[in-house]
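K.L.:
Structure file start08.txt (compact mmCIF, C-alpha atoms and all ligand atoms) is given on the next line.
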```txt
# COMPACT_ATOMS: atom_id res chain seq x y z
CA MET A 1 -6.49 -13.11 -0.64
CA ALA A 2 -8.94 -11.30 -2.91
CA LEU A 3 -9.05 -7.50 -3.01
CA ASP A 4 -12.86 -7.60 -2.99
CA ASP A 5 -13.02 -9.41 0.38
CA ASP A 6 -12.64 -6.17 2.35
CA ILE A 7 -15.55 -4.45 0.60
CA GLU A 8 -18.90 -4.43 2.33
CA ARG A 9 -20.95 -3.01 -0.54
CA VAL A 10 -20.37 -1.53 -3.99
CA LEU A 11 -21.80 1.97 -4.34
CA TRP A 12 -20.91 2.70 -7.99
CA THR A 13 -19.79 0.11 -10.52
CA ASP A 14 -17.17 0.80 -13.17
CA GLU A 15 -19.95 1.04 -15.78
CA GLN A 16 -21.85 3.64 -13.75
CA ILE A 17 -18.65 5.62 -13.16
CA SER A 18 -17.72 5.52 -16.83
CA LYS A 19 -21.14 6.77 -17.89
CA ARG A 20 -21.01 9.63 -15.37
CA VAL A 21 -17.45 10.59 -16.36
CA THR A 22 -18.60 10.85 -19.98
CA GLU A 23 -21.40 13.21 -18.91
CA LEU A 24 -19.05 15.39 -16.84
CA ALA A 25 -16.49 15.60 -19.65
CA GLY A 26 -19.26 16.58 -22.07
CA GLN A 27 -20.37 19.35 -19.72
CA ILE A 28 -16.80 20.61 -19.30
CA THR A 29 -16.25 20.51 -23.07
CA ARG A 30 -19.36 22.63 -23.64
CA ASP A 31 -18.55 25.08 -20.83
CA PHE A 32 -14.95 25.68 -21.89
CA ALA A 33 -15.31 25.52 -25.68
CA GLY A 34 -15.32 29.31 -26.16
CA GLU A 35 -12.74 30.02 -23.45
CA SER A 36 -9.96 27.89 -24.79
CA LEU A 37 -10.03 29.62 -28.18
CA THR A 38 -10.08 33.20 -26.96
CA GLU A 39 -7.95 33.10 -23.85
CA SER A 40 -5.81 30.04 -23.19
CA TYR A 41 -6.26 26.34 -22.80
CA PRO A 42 -7.66 25.19 -19.47
CA VAL A 43 -5.23 23.53 -17.08
CA VAL A 44 -6.56 20.31 -15.58
CA VAL A 45 -4.93 19.81 -12.17
CA GLY A 46 -5.35 16.44 -10.49
CA VAL A 47 -5.03 16.21 -6.73
CA ALA A 48 -2.62 13.32 -6.20
CA THR A 49 -2.93 10.51 -5.59
CA GLY A 50 -6.67 9.96 -5.27
CA ALA A 51 -7.68 11.66 -8.53
CA PHE A 52 -5.32 9.75 -10.84
CA LEU A 53 -7.86 7.35 -12.39
CA PHE A 54 -10.68 9.88 -12.52
CA LEU A 55 -8.38 12.42 -14.17
CA ALA A 56 -7.09 9.88 -16.70
CA ASP A 57 -10.62 8.87 -17.71
CA LEU A 58 -11.96 12.43 -17.65
CA VAL A 59 -9.32 14.10 -19.84
CA ARG A 60 -9.65 11.40 -22.50
CA LYS A 61 -13.28 12.41 -22.87
CA ILE A 62 -12.78 16.20 -22.82
CA LYS A 63 -12.81 17.20 -26.48
CA LEU A 64 -10.65 20.32 -26.13
CA PRO A 65 -6.92 20.98 -25.89
CA VAL A 66 -5.98 21.05 -22.21
CA THR A 67 -2.76 20.86 -20.24
CA VAL A 68 -2.53 18.36 -17.40
CA ASP A 69 -0.65 18.62 -14.14
CA PHE A 70 -0.73 17.30 -10.57
CA ILE A 71 -0.57 18.83 -7.14
CA ARG A 72 -0.40 17.07 -3.80
CA ALA A 73 -1.93 18.31 -0.56
CA GLU A 74 -1.35 16.29 2.56
CA SER A 75 -3.59 16.21 5.58
CA TYR A 76 -4.73 12.64 6.02
CA GLY A 77 -1.94 10.32 7.11
CA SER A 78 -3.16 6.75 7.06
CA GLY A 79 -6.34 7.29 9.11
CA THR A 80 -9.89 8.04 8.01
CA VAL A 81 -10.29 11.47 9.60
CA SER A 82 -8.79 14.72 8.28
CA ASN A 83 -6.21 16.25 10.63
CA GLY A 84 -6.83 19.90 9.79
CA ALA A 85 -5.19 22.34 7.37
CA PRO A 86 -3.39 20.48 4.58
CA ARG A 87 -0.02 21.56 3.19
CA ILE A 88 1.13 21.45 -0.42
CA SER A 89 3.81 18.79 -0.63
CA PHE A 90 4.13 18.48 -4.41
CA ASP A 91 3.78 21.57 -6.54
CA LEU A 92 2.64 22.31 -10.08
CA LYS A 93 5.02 22.16 -13.01
CA VAL A 94 2.98 24.31 -15.42
CA GLY A 95 2.34 28.02 -14.94
CA ILE A 96 -1.28 28.96 -14.26
CA GLN A 97 -1.04 32.75 -14.36
CA GLY A 98 -4.17 34.02 -16.15
CA LYS A 99 -5.36 30.45 -16.83
CA HIS A 100 -8.62 28.66 -16.20
CA VAL A 101 -7.85 25.83 -13.81
CA ILE A 102 -10.04 22.75 -13.42
CA LEU A 103 -9.11 21.10 -10.14
CA VAL A 104 -9.88 17.38 -10.21
CA GLU A 105 -10.54 15.72 -6.84
CA ASP A 106 -11.53 12.23 -5.77
CA ILE A 107 -13.81 13.39 -2.95
CA VAL A 108 -14.76 16.56 -1.10
CA ASP A 109 -15.31 15.77 2.54
CA THR A 110 -14.81 18.55 5.15
CA GLY A 111 -13.77 20.96 2.37
CA ASN A 112 -10.42 21.72 4.07
CA THR A 113 -8.24 20.48 1.23
CA LEU A 114 -10.27 22.20 -1.43
CA SER A 115 -10.42 25.63 0.20
CA CYS A 116 -6.67 25.50 0.80
CA LEU A 117 -5.99 24.49 -2.82
CA ILE A 118 -8.30 27.14 -4.28
CA ALA A 119 -6.56 29.84 -2.22
CA TYR A 120 -3.19 28.55 -3.40
CA LEU A 121 -4.21 28.51 -7.08
CA GLU A 122 -5.55 32.03 -6.69
CA SER A 123 -2.22 33.16 -5.19
CA ARG A 124 -0.50 31.68 -8.25
CA GLY A 125 -2.62 33.89 -10.51
CA ALA A 126 -5.29 31.55 -11.89
CA SER A 127 -8.05 33.57 -13.54
CA SER A 128 -10.68 31.02 -12.54
CA VAL A 129 -10.79 27.81 -10.55
CA SER A 130 -13.42 25.18 -11.26
CA VAL A 131 -13.68 21.96 -9.29
CA CYS A 132 -14.53 18.58 -10.74
CA THR A 133 -14.89 15.99 -8.01
CA LEU A 134 -15.90 12.37 -8.46
CA LEU A 135 -17.65 12.31 -5.08
CA ASP A 136 -19.10 14.88 -2.73
CA LYS A 137 -19.95 14.17 0.92
CA PRO A 138 -21.91 17.33 1.83
CA ALA A 139 -23.01 15.87 5.17
CA ARG A 140 -19.46 16.29 6.51
CA ARG A 141 -18.70 19.78 5.23
CA LYS A 142 -16.92 22.06 7.72
CA VAL A 143 -15.41 24.67 5.40
CA ASN A 144 -17.50 26.34 2.73
CA PHE A 145 -15.10 26.82 -0.17
CA GLU A 146 -15.66 29.47 -2.84
CA LEU A 147 -14.79 28.89 -6.47
CA LEU A 148 -12.64 31.55 -8.13
CA GLY A 149 -13.97 33.87 -10.86
CA THR A 150 -16.19 32.13 -13.40
CA GLY A 151 -15.31 28.72 -11.93
CA LYS A 152 -17.96 26.01 -11.85
CA PHE A 153 -18.55 22.99 -9.62
CA TYR A 154 -18.86 19.57 -11.24
CA CYS A 155 -19.69 16.50 -9.19
CA GLY A 156 -19.98 12.87 -10.20
CA PHE A 157 -22.02 11.47 -7.33
CA GLU A 158 -23.24 12.54 -3.92
CA CYS A 159 -21.62 10.15 -1.45
CA PRO A 160 -23.36 8.91 1.70
CA ASP A 161 -21.44 9.31 4.96
CA TYR A 162 -19.34 6.13 4.80
CA PHE A 163 -15.61 5.69 4.32
CA VAL A 164 -15.32 4.63 0.68
CA VAL A 165 -12.43 3.21 -1.34
CA GLY A 166 -11.67 2.29 -4.94
CA TYR A 167 -11.27 4.05 -8.31
CA GLY A 168 -8.36 6.04 -6.87
CA LEU A 169 -9.53 6.33 -3.25
CA ASP A 170 -7.39 4.57 -0.67
CA PHE A 171 -7.21 3.35 2.84
CA ALA A 172 -3.55 3.33 3.98
CA GLU A 173 -2.54 3.53 0.27
CA LEU A 174 -4.44 0.35 -0.60
CA TYR A 175 -7.59 -0.30 -2.66
CA ARG A 176 -6.89 2.48 -5.18
CA ASN A 177 -6.86 -0.05 -8.02
CA LEU A 178 -10.41 -1.29 -7.49
CA PRO A 179 -12.37 -0.41 -10.65
CA TYR A 180 -15.46 0.54 -8.62
CA VAL A 181 -16.21 2.62 -5.50
CA GLY A 182 -17.34 0.70 -2.43
CA ILE A 183 -17.72 0.89 1.32
CA LEU A 184 -14.81 -0.59 3.25
CA LYS A 185 -15.75 -3.06 5.97
CA PRO A 186 -15.46 -1.11 9.27
CA GLU A 187 -13.40 -3.92 10.87
CA ILE A 188 -10.61 -3.08 8.40
CA TYR A 189 -10.03 0.40 9.80
CA SER A 190 -11.37 0.23 13.36
P1 LIG A 201 -11.27 17.08 3.15
O1 LIG A 201 -10.10 17.99 3.22
O2 LIG A 201 -12.38 17.60 2.25
O3 LIG A 201 -11.79 16.71 4.51
O4 LIG A 201 -10.79 15.70 2.60
C1 LIG A 201 -10.38 15.54 1.34
C2 LIG A 201 -9.56 14.28 1.21
O5 LIG A 201 -9.82 13.34 2.27
C3 LIG A 201 -9.94 13.56 -0.02
O6 LIG A 201 -9.25 14.06 -1.15
C4 LIG A 201 -9.56 12.13 0.31
O7 LIG A 201 -8.21 11.92 0.06
C5 LIG A 201 -9.84 12.02 1.80
N1 LIG A 201 -11.16 11.41 2.07
C6 LIG A 201 -12.27 12.00 2.56
N2 LIG A 201 -13.29 11.12 2.67
C7 LIG A 201 -12.83 9.94 2.22
C8 LIG A 201 -13.41 8.63 2.06
O8 LIG A 201 -14.58 8.34 2.32
N3 LIG A 201 -12.57 7.67 1.57
C9 LIG A 201 -11.27 7.92 1.24
N4 LIG A 201 -10.55 6.90 0.77
N5 LIG A 201 -10.69 9.12 1.38
C10 LIG A 201 -11.47 10.13 1.86
MG MG A 202 -8.21 14.01 -2.69
MG MG A 203 -6.21 9.03 1.17
```
Let me see the structure of the file written as structure tokens.

P.N.:
Amino acid sequence: MALDDDIERVLWTDEQISKRVTELAGQITRDFAGESLTESYPVVVGVATGAFLFLADLVRKIKLPVTVDFIRAESYGSGTVSNGAPRISFDLKVGIQGKHVILVEDIVDTGNTLSCLIAYLESRGASSVSVCTLLDKPARRKVNFELLGTGKFYCGFECPDYFVVGYGLDFAELYRNLPYVGILKPEIYS
């Protein structure tokens, strides 16, 4: 039973992901270089569980002091379609009052999760919220989220409208450990 058997097609290899993560981290380093000295260090917040690999690779390439934390927002269950407004089921440990937050996501799909998380981080006093997502599926957007303050949007790759897994992304909590991102064979989830 090989893990790869359920994958129809690879969209981004581990080499392509690594190269793109280096570029994103370089951009973040340049954008936040002045901020971290004058105000406070940025807080990198990973959205669990999907962002764990992306976050781990990204922060090792950001050449600035940052703090790292996780938050969990649940809306998906084990299916492939979002079931509406997510709730925060695992909260931050670090304080973000007056801080620049960089929210790290695996994928932005309808935008539900992100708009809910940005509103939450704002209510906790973040001075800005940026978003760094590995994948963006703009074709499926339902909610147009707004970044907070001077926040910026960073995106690894624009994702075609398929259900994808790997490099942190799951189906029913499986496939997260694939080193690449690929399209899951439809017979697996239908
Ligand atoms: P949204 O709230 O934007 O609709 O969905 C965000 C979350 O849905 C993502 O963080 C991710 O967990 C899940 N999701 C959306 N599209 C995909 C996909 O193609 N593959 C996987 N594995 N998860 C997805
Ligand atoms: Mg996610
Ligand atoms: Mg999931």

K.L.:
Counting all atoms listed in the file, what is within 8 Å of region 12-28 of chain A, bar same-chain residues fewer than 3 positions away, as a list in words?

P.N.:
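Counting all atoms listed in the file, the residues come to Asp31, Phe32, Phe54, Asp57, Leu58, Val59, Lys61, Ile62, Lys63, Tyr154, Cys155, Gly156, Pro179, Tyr180, Val181 and Gly182 of chain A.
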
K.L.:
Between A:Arg140, A:Val44, A:Glu122, A:Asp91, which one has atoms that come closest to Tyr162 (chain A), using only C-alpha atoms?

P.N.:
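The closest residue to Tyr162 (chain A) is A:Arg140.
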
K.L.:
Suppose you want the space between CA of Gly46 (chain A) and CA of Pro186 (chain A); what is it in Å?

P.N.:
28.3 Å

K.L.:
Show me which residues sit within 6 Å of ligand LIG 201 (chain A) when counting all atoms listed in the file, and put them as a CSV table (one decimal) with C-alpha atoms, keeping the file's coordinate frame.

P.N.:
```csv
chain,number,residue,atom,x,y,z
A,50,GLY,CA,-6.7,10.0,-5.3
A,82,SER,CA,-8.8,14.7,8.3
A,106,ASP,CA,-11.5,12.2,-5.8
A,107,ILE,CA,-13.8,13.4,-3.0
A,108,VAL,CA,-14.8,16.6,-1.1
A,109,ASP,CA,-15.3,15.8,2.5
A,110,THR,CA,-14.8,18.6,5.2
A,111,GLY,CA,-13.8,21.0,2.4
A,112,ASN,CA,-10.4,21.7,4.1
A,113,THR,CA,-8.2,20.5,1.2
A,162,TYR,CA,-19.3,6.1,4.8
A,163,PHE,CA,-15.6,5.7,4.3
A,164,VAL,CA,-15.3,4.6,0.7
A,165,VAL,CA,-12.4,3.2,-1.3
A,169,LEU,CA,-9.5,6.3,-3.2
A,170,ASP,CA,-7.4,4.6,-0.7
A,171,PHE,CA,-7.2,3.4,2.8
```

K.L.:
Mind giving me the axis-aligned box for region 96-104 of chain A with 8 Å on every side, centre plus edges in Å to one decimal, as JSON?

P.N.:
```
{"center_x": -5.5, "center_y": 25.7, "center_z": -13.5, "size_x": 25.0, "size_y": 32.6, "size_z": 22.7}
```

K.L.:
Which residue, A:Val68, A:Ile7, A:Leu114, A:Val43, has the smallest gap to ligand MG 202 (chain A) when you use all atoms listed in the file?

P.N.:
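Distance minimum relative to ligand MG 202 (chain A) lands on A:Leu114.
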
K.L.:
Ala48 (chain A): which residues within 12 Å, counting only C-alpha atoms, same-chain residues fewer than 4 positions away excluded, as JSON, numbers by chain?

P.N.:
{"A": [52, 53, 54, 55, 56, 69, 70, 71, 72, 73, 74, 88, 89, 90, 91, 92, 103, 104, 105, 106, 107, 113, 168, 169, 170, 173, 176]}

K.L.:
Could you turn the residues from that selection into a file that holds C-alpha atoms, as a compact mmCIF listing (two decimals), keeping the file's coordinate frame?

P.N.:
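So again_4.txt came out as:
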```txt
# COMPACT_ATOMS: atom_id res chain seq x y z
CA PHE A 52 -5.32 9.75 -10.84
CA LEU A 53 -7.86 7.35 -12.39
CA PHE A 54 -10.68 9.88 -12.52
CA LEU A 55 -8.38 12.42 -14.17
CA ALA A 56 -7.09 9.88 -16.70
CA ASP A 69 -0.65 18.62 -14.14
CA PHE A 70 -0.73 17.30 -10.57
CA ILE A 71 -0.57 18.83 -7.14
CA ARG A 72 -0.40 17.07 -3.80
CA ALA A 73 -1.93 18.31 -0.56
CA GLU A 74 -1.35 16.29 2.56
CA ILE A 88 1.13 21.45 -0.42
CA SER A 89 3.81 18.79 -0.63
CA PHE A 90 4.13 18.48 -4.41
CA ASP A 91 3.78 21.57 -6.54
CA LEU A 92 2.64 22.31 -10.08
CA LEU A 103 -9.11 21.10 -10.14
CA VAL A 104 -9.88 17.38 -10.21
CA GLU A 105 -10.54 15.72 -6.84
CA ASP A 106 -11.53 12.23 -5.77
CA ILE A 107 -13.81 13.39 -2.95
CA THR A 113 -8.24 20.48 1.23
CA GLY A 168 -8.36 6.04 -6.87
CA LEU A 169 -9.53 6.33 -3.25
CA ASP A 170 -7.39 4.57 -0.67
CA GLU A 173 -2.54 3.53 0.27
CA ARG A 176 -6.89 2.48 -5.18
```

K.L.:
Kindly indicate which residue among A:Lys152, A:Arg141, A:Tyr41, A:Thr49 lies nearest to ligand MG 203 (chain A), using all atoms listed in the file for the distances.

P.N.:
A:Thr49

K.L.:
Starting from the structure just given, write a file holding region 113-130 of chain A with N, CA and C atoms, as a PDB file, in the first residue's frame.

P.N.:
```
ATOM      1  N   THR A 113     -12.757  30.769   6.529  1.00  0.00           N
ATOM      2  CA  THR A 113     -11.836  30.593   7.653  1.00  0.00           C
ATOM      3  C   THR A 113     -11.006  31.852   7.860  1.00  0.00           C
ATOM      4  N   LEU A 114     -10.496  32.358   6.762  1.00  0.00           N
ATOM      5  CA  LEU A 114      -9.605  33.506   6.844  1.00  0.00           C
ATOM      6  C   LEU A 114     -10.305  34.750   7.370  1.00  0.00           C
ATOM      7  N   SER A 115     -11.503  35.037   6.884  1.00  0.00           N
ATOM      8  CA  SER A 115     -12.175  36.258   7.338  1.00  0.00           C
ATOM      9  C   SER A 115     -12.524  36.149   8.812  1.00  0.00           C
ATOM     10  N   CYS A 116     -12.880  34.939   9.247  1.00  0.00           N
ATOM     11  CA  CYS A 116     -13.167  34.718  10.665  1.00  0.00           C
ATOM     12  C   CYS A 116     -11.903  34.909  11.509  1.00  0.00           C
ATOM     13  N   LEU A 117     -10.784  34.370  11.038  1.00  0.00           N
ATOM     14  CA  LEU A 117      -9.532  34.475  11.797  1.00  0.00           C
ATOM     15  C   LEU A 117      -9.011  35.910  11.852  1.00  0.00           C
ATOM     16  N   ILE A 118      -9.143  36.634  10.740  1.00  0.00           N
ATOM     17  CA  ILE A 118      -8.671  38.026  10.725  1.00  0.00           C
ATOM     18  C   ILE A 118      -9.491  38.857  11.718  1.00  0.00           C
ATOM     19  N   ALA A 119     -10.812  38.649  11.722  1.00  0.00           N
ATOM     20  CA  ALA A 119     -11.669  39.369  12.670  1.00  0.00           C
ATOM     21  C   ALA A 119     -11.282  39.026  14.108  1.00  0.00           C
ATOM     22  N   TYR A 120     -10.980  37.771  14.356  1.00  0.00           N
ATOM     23  CA  TYR A 120     -10.583  37.356  15.702  1.00  0.00           C
ATOM     24  C   TYR A 120      -9.264  38.006  16.119  1.00  0.00           C
ATOM     25  N   LEU A 121      -8.278  37.988  15.220  1.00  0.00           N
ATOM     26  CA  LEU A 121      -6.968  38.580  15.543  1.00  0.00           C
ATOM     27  C   LEU A 121      -7.096  40.087  15.766  1.00  0.00           C
ATOM     28  N   GLU A 122      -7.989  40.706  15.026  1.00  0.00           N
ATOM     29  CA  GLU A 122      -8.252  42.131  15.226  1.00  0.00           C
ATOM     30  C   GLU A 122      -8.842  42.362  16.616  1.00  0.00           C
ATOM     31  N   SER A 123      -9.798  41.509  17.009  1.00  0.00           N
ATOM     32  CA  SER A 123     -10.429  41.657  18.327  1.00  0.00           C
ATOM     33  C   SER A 123      -9.429  41.443  19.460  1.00  0.00           C
ATOM     34  N   ARG A 124      -8.359  40.702  19.171  1.00  0.00           N
ATOM     35  CA  ARG A 124      -7.310  40.489  20.175  1.00  0.00           C
ATOM     36  C   ARG A 124      -6.231  41.573  20.131  1.00  0.00           C
ATOM     37  N   GLY A 125      -6.437  42.587  19.288  1.00  0.00           N
ATOM     38  CA  GLY A 125      -5.584  43.776  19.326  1.00  0.00           C
ATOM     39  C   GLY A 125      -4.392  43.786  18.388  1.00  0.00           C
ATOM     40  N   ALA A 126      -4.339  42.887  17.426  1.00  0.00           N
ATOM     41  CA  ALA A 126      -3.227  42.905  16.461  1.00  0.00           C
ATOM     42  C   ALA A 126      -3.197  44.259  15.759  1.00  0.00           C
ATOM     43  N   SER A 127      -1.989  44.797  15.519  1.00  0.00           N
ATOM     44  CA  SER A 127      -1.945  46.087  14.832  1.00  0.00           C
ATOM     45  C   SER A 127      -1.999  45.900  13.324  1.00  0.00           C
ATOM     46  N   SER A 128      -1.557  44.752  12.845  1.00  0.00           N
ATOM     47  CA  SER A 128      -1.770  44.417  11.434  1.00  0.00           C
ATOM     48  C   SER A 128      -1.882  42.908  11.300  1.00  0.00           C
ATOM     49  N   VAL A 129      -2.591  42.475  10.279  1.00  0.00           N
ATOM     50  CA  VAL A 129      -2.653  41.046   9.965  1.00  0.00           C
ATOM     51  C   VAL A 129      -2.312  40.863   8.493  1.00  0.00           C
ATOM     52  N   SER A 130      -1.205  40.144   8.261  1.00  0.00           N
ATOM     53  CA  SER A 130      -0.841  39.723   6.910  1.00  0.00           C
ATOM     54  C   SER A 130      -1.231  38.261   6.768  1.00  0.00           C
TER      55      SER A 130
END
```
